[in-house]
$ cat coords_36.pdb   # PDB, C-alpha atoms
ATOM      1  CA  MET A   1     135.992 143.273 124.615
ATOM      2  CA  THR A   2     139.612 144.333 124.389
ATOM      3  CA  ARG A   3     140.032 146.919 121.666
ATOM      4  CA  LEU A   4     142.930 148.381 119.764
ATOM      5  CA  LEU A   5     143.211 151.890 118.387
ATOM      6  CA  VAL A   6     145.864 152.615 115.754
ATOM      7  CA  THR A   7     146.854 155.843 114.007
ATOM      8  CA  LEU A   8     147.942 155.475 110.381
ATOM      9  CA  PRO A   9     149.009 158.854 108.958
ATOM     10  CA  GLU A  10     150.334 158.779 105.414
ATOM     11  CA  TYR A  11     151.436 162.244 104.277
ATOM     12  CA  ASP A  12     155.161 161.862 103.597
ATOM     13  CA  ASP A  13     157.688 159.144 102.736
ATOM     14  CA  THR A  14     158.301 158.147 106.347
ATOM     15  CA  THR A  15     154.684 157.885 107.428
ATOM     16  CA  PHE A  16     153.800 156.139 104.142
ATOM     17  CA  TYR A  17     156.344 153.419 104.849
ATOM     18  CA  CYS A  18     155.369 153.064 108.504
ATOM     19  CA  THR A  19     151.682 152.840 107.722
ATOM     20  CA  LYS A  20     152.047 150.288 104.935
ATOM     21  CA  TRP A  21     154.260 148.024 107.043
ATOM     22  CA  CYS A  22     151.897 148.321 110.023
ATOM     23  CA  GLU A  23     148.966 147.434 107.807
ATOM     24  CA  LYS A  24     150.800 144.362 106.531
ATOM     25  CA  LEU A  25     152.293 143.055 109.749
ATOM     26  CA  LEU A  26     149.905 144.131 112.507
ATOM     27  CA  LEU A  27     146.358 144.620 111.310
ATOM     28  CA  PRO A  28     145.685 141.099 109.970
ATOM     29  CA  LEU A  29     146.634 139.650 113.351
ATOM     30  CA  ALA A  30     144.594 142.254 115.207
ATOM     31  CA  GLU A  31     141.538 141.405 113.126
ATOM     32  CA  LYS A  32     142.083 137.666 113.541
ATOM     33  CA  SER A  33     142.469 138.152 117.314
ATOM     34  CA  GLN A  34     139.070 139.858 117.339
ATOM     35  CA  LEU A  35     140.496 143.070 118.726
ATOM     36  CA  ASP A  36     138.245 144.951 116.285
ATOM     37  CA  PRO A  37     140.879 147.576 115.530
ATOM     38  CA  ILE A  38     139.830 151.201 115.330
ATOM     39  CA  LYS A  39     141.880 152.677 112.515
ATOM     40  CA  LEU A  40     142.554 156.398 112.182
ATOM     41  CA  GLU A  41     143.819 156.547 108.628
ATOM     42  CA  LYS A  42     145.398 159.433 106.749
ATOM     43  CA  GLU A  43     143.731 162.752 107.582
ATOM     44  CA  LYS A  44     141.559 161.023 110.196
ATOM     45  CA  ALA A  45     144.703 160.571 112.309
ATOM     46  CA  ASN A  46     144.055 163.887 114.068
ATOM     47  CA  LYS A  47     143.838 164.961 117.672
ATOM     48  CA  ALA A  48     140.078 165.493 117.775
ATOM     49  CA  ASN A  49     139.355 161.977 116.483
ATOM     50  CA  LEU A  50     141.959 160.378 118.717
ATOM     51  CA  GLU A  51     140.695 162.030 121.886
ATOM     52  CA  SER A  52     137.079 161.339 121.039
ATOM     53  CA  LEU A  53     137.641 157.669 120.292
ATOM     54  CA  ILE A  54     139.856 157.072 123.319
ATOM     55  CA  LEU A  55     137.053 158.429 125.515
ATOM     56  CA  SER A  56     134.155 156.707 123.765
ATOM     57  CA  GLN A  57     135.703 153.337 122.841
ATOM     58  CA  ASN A  58     138.192 152.905 125.694
ATOM     59  CA  PRO A  59     140.775 150.883 123.742
ATOM     60  CA  LYS A  60     143.177 148.925 125.900
ATOM     61  CA  LEU A  61     146.010 149.074 123.367
ATOM     62  CA  VAL A  62     146.889 152.301 121.581
ATOM     63  CA  LEU A  63     149.367 152.157 118.694
ATOM     64  CA  LEU A  64     150.623 155.605 117.744
ATOM     65  CA  ASN A  65     152.378 155.582 114.382
ATOM     66  CA  GLY A  66     153.877 158.770 113.051
ATOM     67  CA  HIS A  67     156.522 161.342 113.668
ATOM     68  CA  GLY A  68     157.516 162.145 117.208
ATOM     69  CA  SER A  69     159.607 164.306 119.442
ATOM     70  CA  ASN A  70     160.760 163.905 123.022
ATOM     71  CA  GLU A  71     157.476 165.353 124.214
ATOM     72  CA  ALA A  72     154.864 164.452 121.618
ATOM     73  CA  VAL A  73     153.592 162.007 119.035
ATOM     74  CA  PHE A  74     152.190 163.482 115.840
ATOM     75  CA  GLY A  75     149.414 162.572 113.448
ATOM     76  CA  HIS A  76     148.366 163.774 110.014
ATOM     77  CA  ASN A  77     150.359 166.761 108.805
ATOM     78  CA  ASN A  78     152.402 166.781 111.999
ATOM     79  CA  GLU A  79     149.520 167.709 114.275
ATOM     80  CA  PRO A  80     150.452 166.768 117.854
ATOM     81  CA  LEU A  81     148.167 163.983 119.060
ATOM     82  CA  ILE A  82     149.471 163.393 122.574
ATOM     83  CA  GLU A  83     151.725 165.928 124.273
ATOM     84  CA  VAL A  84     153.420 166.245 127.631
ATOM     85  CA  ASP A  85     151.383 168.261 130.131
ATOM     86  CA  LYS A  86     148.471 168.563 127.712
ATOM     87  CA  ASN A  87     146.557 165.329 127.275
ATOM     88  CA  GLU A  88     148.700 162.372 128.266
ATOM     89  CA  HIS A  89     146.172 161.696 131.035
ATOM     90  CA  LEU A  90     143.870 160.286 128.326
ATOM     91  CA  LEU A  91     146.125 157.242 128.180
ATOM     92  CA  PHE A  92     145.336 156.293 131.773
ATOM     93  CA  GLY A  93     144.964 152.547 132.179
ATOM     94  CA  LYS A  94     146.158 151.780 128.683
ATOM     95  CA  ILE A  95     149.123 150.112 127.057
ATOM     96  CA  VAL A  96     150.722 152.352 124.457
ATOM     97  CA  HIS A  97     153.193 151.579 121.735
ATOM     98  CA  ALA A  98     154.594 154.603 119.915
ATOM     99  CA  PHE A  99     156.201 153.719 116.609
ATOM    100  CA  SER A 100     157.727 157.168 116.374
ATOM    101  CA  CYS A 101     160.950 158.994 117.083
ATOM    102  CA  SER A 102     161.998 159.944 120.552
ATOM    103  CA  SER A 103     158.646 160.036 122.358
ATOM    104  CA  ALA A 104     159.699 157.360 124.829
ATOM    105  CA  HIS A 105     162.398 159.778 126.032
ATOM    106  CA  THR A 106     160.050 162.172 127.872
ATOM    107  CA  LEU A 107     156.404 161.600 126.866
ATOM    108  CA  GLY A 108     156.578 157.905 127.726
ATOM    109  CA  PRO A 109     157.649 158.330 131.374
ATOM    110  CA  LYS A 110     155.210 161.227 131.774
ATOM    111  CA  CYS A 111     152.359 159.042 130.538
ATOM    112  CA  VAL A 112     153.262 156.339 133.039
ATOM    113  CA  GLU A 113     153.361 158.945 135.816
ATOM    114  CA  LYS A 114     149.826 159.900 134.846
ATOM    115  CA  GLY A 115     148.584 156.301 134.921
ATOM    116  CA  THR A 116     149.414 154.695 131.570
ATOM    117  CA  VAL A 117     150.008 151.028 132.333
ATOM    118  CA  ALA A 118     153.004 150.782 130.016
ATOM    119  CA  TYR A 119     154.531 152.850 127.247
ATOM    120  CA  THR A 120     156.895 151.315 124.700
ATOM    121  CA  GLY A 121     158.732 153.106 121.922
ATOM    122  CA  TYR A 122     161.988 154.790 121.065
ATOM    123  CA  LYS A 123     164.056 157.287 123.030
ATOM    124  CA  ASN A 124     165.967 158.565 119.986
ATOM    125  CA  GLU A 125     165.231 159.262 116.340
ATOM    126  CA  PHE A 126     164.176 156.182 114.358
ATOM    127  CA  PHE A 127     166.356 155.359 111.351
ATOM    128  CA  PHE A 128     165.605 153.262 108.319
ATOM    129  CA  PHE A 129     167.052 153.040 104.830
ATOM    130  CA  VAL A 130     164.906 152.668 101.751
ATOM    131  CA  ASN A 131     165.509 151.662  98.175
ATOM    132  CA  THR A 132     164.516 154.726  96.161
ATOM    133  CA  ASN A 133     163.583 152.405  93.278
ATOM    134  CA  LYS A 134     160.871 150.862  95.481
ATOM    135  CA  SER A 135     159.714 153.941  97.403
ATOM    136  CA  ALA A 136     156.242 153.844  95.840
ATOM    137  CA  ARG A 137     155.877 150.178  96.910
ATOM    138  CA  PRO A 138     157.186 149.979 100.478
ATOM    139  CA  LEU A 139     156.146 146.368 100.967
ATOM    140  CA  GLN A 140     158.421 145.329  98.117
ATOM    141  CA  ASP A 141     161.376 147.199  99.567
ATOM    142  CA  GLU A 142     163.672 144.435 100.831
ATOM    143  CA  ILE A 143     166.075 147.035 102.205
ATOM    144  CA  ALA A 144     163.498 148.562 104.529
ATOM    145  CA  LYS A 145     161.925 145.237 105.496
ATOM    146  CA  PRO A 146     164.363 144.123 108.251
ATOM    147  CA  VAL A 147     164.011 147.280 110.319
ATOM    148  CA  PHE A 148     160.226 147.217 110.106
ATOM    149  CA  GLU A 149     160.016 143.526 110.824
ATOM    150  CA  ALA A 150     162.192 143.923 113.934
ATOM    151  CA  ALA A 151     160.505 147.081 115.179
ATOM    152  CA  LEU A 152     156.956 145.845 114.645
ATOM    153  CA  THR A 153     157.671 142.576 116.452
ATOM    154  CA  LEU A 154     157.058 144.458 119.697
ATOM    155  CA  PRO A 155     153.466 145.612 119.001
ATOM    156  CA  LEU A 156     152.803 142.324 117.196
ATOM    157  CA  ASN A 157     153.538 140.425 120.384
ATOM    158  CA  LEU A 158     151.446 142.834 122.438
ATOM    159  CA  ILE A 159     148.537 142.019 120.129
ATOM    160  CA  ASN A 160     149.331 138.334 120.677
ATOM    161  CA  GLY A 161     148.820 138.827 124.401
ATOM    162  CA  LYS A 162     152.438 138.707 125.487
ATOM    163  CA  THR A 163     153.633 140.787 128.444
ATOM    164  CA  ILE A 164     155.473 144.047 127.810
ATOM    165  CA  ARG A 165     158.703 142.367 128.881
ATOM    166  CA  GLU A 166     158.186 139.400 126.527
ATOM    167  CA  ALA A 167     157.187 141.576 123.567
ATOM    168  CA  PHE A 168     160.239 143.785 124.076
ATOM    169  CA  ALA A 169     162.544 140.752 124.307
ATOM    170  CA  LYS A 170     161.092 139.272 121.105
ATOM    171  CA  SER A 171     161.643 142.527 119.267
ATOM    172  CA  GLN A 172     165.197 142.865 120.523
ATOM    173  CA  GLN A 173     165.838 139.285 119.402
ATOM    174  CA  LYS A 174     164.504 140.100 115.945
ATOM    175  CA  PHE A 175     166.842 143.082 115.747
ATOM    176  CA  ASP A 176     169.692 140.733 116.701
ATOM    177  CA  TYR A 177     168.591 138.243 114.040
ATOM    178  CA  TRP A 178     168.858 140.843 111.304
ATOM    179  CA  ILE A 179     172.088 142.311 112.651
ATOM    180  CA  LEU A 180     173.646 138.841 112.543
ATOM    181  CA  TYR A 181     172.188 138.286 109.083
ATOM    182  CA  TYR A 182     173.940 141.353 107.733
ATOM    183  CA  ARG A 183     177.150 140.552 109.610
ATOM    184  CA  THR A 184     177.250 137.277 107.683
ATOM    185  CA  HIS A 185     176.198 138.855 104.379
ATOM    186  CA  GLY A 186     178.789 141.539 103.939
ATOM    187  CA  GLU A 187     178.496 141.203 100.181
ATOM    188  CA  LEU A 188     175.118 142.943 100.132
ATOM    189  CA  LEU A 189     175.255 146.583  99.085
ATOM    190  CA  GLU A 190     172.996 147.669 101.914
ATOM    191  CA  THR A 191     174.835 145.804 104.678
ATOM    192  CA  PRO A 192     176.738 148.733 106.272
ATOM    193  CA  GLN A 193     173.687 150.970 106.245
ATOM    194  CA  ASN A 194     171.196 148.434 107.508
ATOM    195  CA  ILE A 195     173.424 147.227 110.341
ATOM    196  CA  LEU A 196     173.805 150.857 111.398
ATOM    197  CA  ALA A 197     170.053 151.453 111.402
ATOM    198  CA  LEU A 198     169.246 148.140 113.120
ATOM    199  CA  MET A 199     171.779 148.707 115.892
ATOM    200  CA  TRP A 200     170.708 152.301 116.440
ATOM    201  CA  ASP A 201     167.012 151.445 116.592
ATOM    202  CA  LYS A 202     167.568 148.368 118.757
ATOM    203  CA  ASN A 203     169.484 150.441 121.308
ATOM    204  CA  SER A 204     166.880 153.173 121.156
ATOM    205  CA  GLN A 205     163.909 150.884 121.869
ATOM    206  CA  ILE A 206     162.717 151.177 125.459
ATOM    207  CA  ILE A 207     159.818 150.260 127.719
ATOM    208  CA  HIS A 208     158.310 152.135 130.671
ATOM    209  CA  GLY A 209     155.746 151.059 133.234
ATOM    210  CA  ASN A 210     154.446 147.645 134.247
ATOM    211  CA  GLN A 211     156.512 145.093 132.343
ATOM    212  CA  ASP A 212     154.242 142.222 133.342
ATOM    213  CA  ALA A 213     151.109 143.785 131.898
ATOM    214  CA  THR A 214     149.263 142.392 128.897
ATOM    215  CA  ILE A 215     146.422 143.851 126.876
ATOM    216  CA  PHE A 216     144.117 141.125 128.210
ATOM    217  CA  ASP A 217     144.580 142.013 131.901
TER     218      ASP A 217
ATOM    219  CA  MET B 218     179.818 174.914 114.624
ATOM    220  CA  ALA B 219     181.442 173.410 117.706
ATOM    221  CA  THR B 220     180.816 169.675 117.930
ATOM    222  CA  GLN B 221     181.601 166.820 120.229
ATOM    223  CA  PHE B 222     183.386 164.858 117.502
ATOM    224  CA  SER B 223     186.952 165.047 116.253
ATOM    225  CA  GLU B 224     187.875 165.869 112.671
ATOM    226  CA  ASP B 225     188.925 162.263 112.124
ATOM    227  CA  GLU B 226     185.524 161.036 113.276
ATOM    228  CA  TRP B 227     183.790 163.378 110.834
ATOM    229  CA  LYS B 228     186.087 162.181 108.056
ATOM    230  CA  ILE B 229     185.477 158.492 108.782
ATOM    231  CA  VAL B 230     181.722 158.937 108.659
ATOM    232  CA  LYS B 231     181.879 161.043 105.506
ATOM    233  CA  ALA B 232     183.989 158.361 103.822
ATOM    234  CA  ARG B 233     181.426 155.712 104.780
ATOM    235  CA  ILE B 234     178.554 157.816 103.439
ATOM    236  CA  GLU B 235     180.439 158.489 100.209
ATOM    237  CA  ALA B 236     180.707 154.722  99.753
ATOM    238  CA  MET B 237     176.945 154.307 100.253
ATOM    239  CA  PRO B 238     175.041 153.068  97.176
ATOM    240  CA  ALA B 239     173.309 155.950  95.429
ATOM    241  CA  HIS B 240     169.916 154.210  95.315
ATOM    242  CA  LEU B 241     169.581 154.215  99.108
ATOM    243  CA  LYS B 242     167.886 156.963 101.074
ATOM    244  CA  LEU B 243     167.931 157.419 104.836
ATOM    245  CA  SER B 244     164.713 158.235 106.625
ATOM    246  CA  ILE B 245     165.175 159.781 110.057
ATOM    247  CA  GLY B 246     161.691 159.850 111.504
ATOM    248  CA  GLY B 247     160.670 163.245 112.764
ATOM    249  CA  ILE B 248     163.282 164.984 110.658
ATOM    250  CA  GLY B 249     163.016 163.825 107.055
ATOM    251  CA  SER B 250     164.397 161.653 104.266
ATOM    252  CA  PHE B 251     167.896 162.149 102.905
ATOM    253  CA  THR B 252     169.744 161.061  99.791
ATOM    254  CA  LYS B 253     173.436 160.308  99.808
ATOM    255  CA  GLN B 254     174.163 163.852  98.590
ATOM    256  CA  ASP B 255     171.971 165.338 101.316
ATOM    257  CA  LEU B 256     173.861 163.375 103.966
ATOM    258  CA  ILE B 257     177.235 164.490 102.652
ATOM    259  CA  ARG B 258     176.056 168.094 102.710
ATOM    260  CA  HIS B 259     174.915 167.778 106.325
ATOM    261  CA  LEU B 260     178.250 166.220 107.263
ATOM    262  CA  ASN B 261     180.103 169.082 105.555
ATOM    263  CA  GLU B 262     177.955 171.577 107.460
ATOM    264  CA  LYS B 263     178.404 169.655 110.741
ATOM    265  CA  ASP B 264     174.826 170.526 111.656
ATOM    266  CA  GLN B 265     172.330 168.663 113.854
ATOM    267  CA  ILE B 266     171.709 165.989 111.252
ATOM    268  CA  GLY B 267     175.421 165.608 110.593
ATOM    269  CA  GLN B 268     176.035 165.156 114.304
ATOM    270  CA  LEU B 269     173.281 162.572 114.564
ATOM    271  CA  LEU B 270     174.833 160.641 111.670
ATOM    272  CA  VAL B 271     178.250 160.672 113.279
ATOM    273  CA  GLN B 272     176.776 159.574 116.600
ATOM    274  CA  ALA B 273     174.995 156.638 114.956
ATOM    275  CA  HIS B 274     178.065 155.595 112.994
ATOM    276  CA  LEU B 275     180.345 155.749 116.012
ATOM    277  CA  ASN B 276     177.808 153.738 117.980
ATOM    278  CA  TYR B 277     178.074 151.061 115.286
ATOM    279  CA  LEU B 278     181.842 151.164 114.973
ATOM    280  CA  ARG B 279     182.379 151.036 118.729
ATOM    281  CA  SER B 280     180.289 147.876 118.904
ATOM    282  CA  PHE B 281     183.200 146.044 117.269
ATOM    283  CA  LYS B 282     185.512 147.121 120.075
ATOM    284  CA  LYS B 283     182.971 145.981 122.645
ATOM    285  CA  GLU B 284     182.660 142.592 120.961
ATOM    286  CA  ALA B 285     186.425 142.257 120.769
ATOM    287  CA  THR B 286     186.574 142.837 124.517
ATOM    288  CA  ILE B 287     183.898 140.225 125.144
ATOM    289  CA  PHE B 288     185.730 137.678 123.026
ATOM    290  CA  ASN B 289     189.114 138.748 124.407
ATOM    291  CA  VAL B 290     190.535 139.491 120.946
TER     292      VAL B 290
END
$ encode --input "coords_36.pdb" --output "structure tokens"
Amino acid sequence: MTRLLVTLPEYDDTTFYCTKWCEKLLLPLAEKSQLDPIKLEKEKANKANLESLILSQNPKLVLLNGHGSNEAVFGHNNEPLIEVDKNEHLLFGKIVHAFSCSSAHTLGPKCVEKGTVAYTGYKNEFFFFVNTNKSARPLQDEIAKPVFEAALTLPLNLINGKTIREAFAKSQQKFDYWILYYRTHGELLETPQNILALMWDKNSQIIHGNQDATIFD
Amino acid sequence: MATQFSEDEWKIVKARIEAMPAHLKLSIGGIGSFTKQDLIRHLNEKDQIGQLLVQAHLNYLRSFKKEATIFNV
């Protein structure tokens, strides 16, 4: 059975937003698709758990949500989960999506060198604007919604069995949809900021490895 | 701090941030969350975050020039 492992840290504003939007947009589909997602939530999103579960459960798709740097993706309380020249070999044979800053700059290519089938993510910092009046209820934040909807279209389509190339294209199209939306709704207060974030994140999104791979291969 | 951006570029971005609604906050994953006042401070200091802001804004503004070229305007 194809399995999915997802990290869901939730210890600051950024990870809180990312986790809540992932839970809303990705997990219902993963459960419906019978991928039986393995969820590492909050403080369980640590290196020991991640390594142990990757080895014992052999998930095909690994979704790493959290902060990142060029050379690492982080879990709860900024503990590095996967780092260059330390444990990227654990992702051998897997498809990885890192919803984090920058890790696709260096960690992504290194993972592919060490046998990761494909690594998708962002080569720069990930930007999003929030409405401070809704920060305790991220799913009701209409200002943050477009960026998350566009960004999470990529892993959503991986879960749906699309190829890396197709999932990336769908996500890029969703970014374009929202960019065009704001270009034609200049009256909205958040238009200049959201176009900036959407364009930056769209240009930062990148894929490495086998673009024809799917999680059901 | 020496930067890759001109004074005019810093000024343009600062003006755009000053026009930003006060109820918005920018989250830059891996770095932190910033209010409008935080962003203005970083632009005044021309630090790493300020430079990242300017880079993102110029990326956006230059897209208009690119589109004008495509449409031969």
$ resolve_selection --input "coords_36.pdb" --expression "the ChimeraX specification (/A :<8) & /B" --output "list in words"
Met237, Pro238, His240, Leu241, Lys242, Leu243, Ser244, Ile245, Gly246, Gly247, Gly249, Ser250, Ala273, His274, Asn276 and Tyr277 of chain B
$ closest_residue --input "coords_36.pdb" --among "B:Ala239, B:Leu278, B:Ile229, B:Ile234" --to "His259 (chain B)" --atoms "all atoms listed in the file"
B:Ile234
$ atom_distance --input "coords_36.pdb" --atom1 "CA of Ile159 (chain A)" --atom2 "CA of Leu81 (chain A)"
22.0 Å
$ atom_distance --input "coords_36.pdb" --atom1 "CA of Lys94 (chain A)" --atom2 "CA of Ile164 (chain A)"
12.1 Å
$ resolve_selection --input "coords_36.pdb" --expression "the PyMOL selection byres ((chain A and resi 19-26) around 7)" --output "ChimeraX atom specification"
/A:8-10,15-18,27-30,138-139,148,156
$ residues_around --input "coords_36.pdb" --residues "Lys231 (chain B)" --least-positions-apart "3" --cutoff "12 Å" --atoms "all atoms listed in the file" --output "list in words"
Glu224, Asp225, Glu226, Trp227, Lys228, Ile234, Glu235, Ala236, Met237, Lys253, Gln254, Asp255, Leu256, Ile257, Arg258, His259, Leu260, Asn261, Glu262, Lys263, Gly267, Gln268, Leu270, Val271, His274 and Leu275 of chain B
$ closest_residue --input "coords_36.pdb" --among "A:Val6, A:Leu35, A:Leu61, A:Leu107" --to "Pro80 (chain A)" --atoms "all atoms listed in the file"
A:Leu107
$ atom_distance --input "coords_36.pdb" --atom1 "CA of Thr2 (chain A)" --atom2 "CA of Pro59 (chain A)"
6.7 Å
$ closest_residue --input "coords_36.pdb" --among "A:Asn160, A:Ser56, A:Lys123, A:Phe92" --to "Ser204 (chain A)" --atoms "only C-alpha atoms"
A:Lys123
$ resolve_selection --input "coords_36.pdb" --expression "the PyMOL selection byres ((chain A and resi 118) around 7)" --output "compact mmCIF listing (two decimals) with C-alpha atoms, in the coordinates of the input"
# COMPACT_ATOMS: atom_id res chain seq x y z
CA ILE A 95 149.12 150.11 127.06
CA VAL A 96 150.72 152.35 124.46
CA VAL A 112 153.26 156.34 133.04
CA THR A 116 149.41 154.70 131.57
CA VAL A 117 150.01 151.03 132.33
CA TYR A 119 154.53 152.85 127.25
CA THR A 120 156.90 151.32 124.70
CA HIS A 208 158.31 152.14 130.67
CA GLY A 209 155.75 151.06 133.23
CA ASN A 210 154.45 147.65 134.25
$ residues_near_point --input "coords_36.pdb" --point "(159.3, 140.1, 123.6)" --cutoff "12 Å" --atoms "all atoms listed in the file" --output "mmCIF file with C-alpha atoms, in the coordinates of the input"
data_model
loop_
_atom_site.group_PDB
_atom_site.id
_atom_site.type_symbol
_atom_site.label_atom_id
_atom_site.label_comp_id
_atom_site.auth_asym_id
_atom_site.auth_seq_id
_atom_site.Cartn_x
_atom_site.Cartn_y
_atom_site.Cartn_z
ATOM 1 C CA THR A 120 156.895 151.315 124.700
ATOM 2 C CA ALA A 150 162.192 143.923 113.934
ATOM 3 C CA ALA A 151 160.505 147.081 115.179
ATOM 4 C CA LEU A 152 156.956 145.845 114.645
ATOM 5 C CA THR A 153 157.671 142.576 116.452
ATOM 6 C CA LEU A 154 157.058 144.458 119.697
ATOM 7 C CA PRO A 155 153.466 145.612 119.001
ATOM 8 C CA LEU A 156 152.803 142.324 117.196
ATOM 9 C CA ASN A 157 153.538 140.425 120.384
ATOM 10 C CA LEU A 158 151.446 142.834 122.438
ATOM 11 C CA ILE A 159 148.537 142.019 120.129
ATOM 12 C CA ASN A 160 149.331 138.334 120.677
ATOM 13 C CA GLY A 161 148.820 138.827 124.401
ATOM 14 C CA LYS A 162 152.438 138.707 125.487
ATOM 15 C CA THR A 163 153.633 140.787 128.444
ATOM 16 C CA ILE A 164 155.473 144.047 127.810
ATOM 17 C CA ARG A 165 158.703 142.367 128.881
ATOM 18 C CA GLU A 166 158.186 139.400 126.527
ATOM 19 C CA ALA A 167 157.187 141.576 123.567
ATOM 20 C CA PHE A 168 160.239 143.785 124.076
ATOM 21 C CA ALA A 169 162.544 140.752 124.307
ATOM 22 C CA LYS A 170 161.092 139.272 121.105
ATOM 23 C CA SER A 171 161.643 142.527 119.267
ATOM 24 C CA GLN A 172 165.197 142.865 120.523
ATOM 25 C CA GLN A 173 165.838 139.285 119.402
ATOM 26 C CA LYS A 174 164.504 140.100 115.945
ATOM 27 C CA PHE A 175 166.842 143.082 115.747
ATOM 28 C CA GLN A 205 163.909 150.884 121.869
ATOM 29 C CA ILE A 206 162.717 151.177 125.459
ATOM 30 C CA ILE A 207 159.818 150.260 127.719
ATOM 31 C CA GLN A 211 156.512 145.093 132.343
ATOM 32 C CA ASP A 212 154.242 142.222 133.342
ATOM 33 C CA THR A 214 149.263 142.392 128.897
#
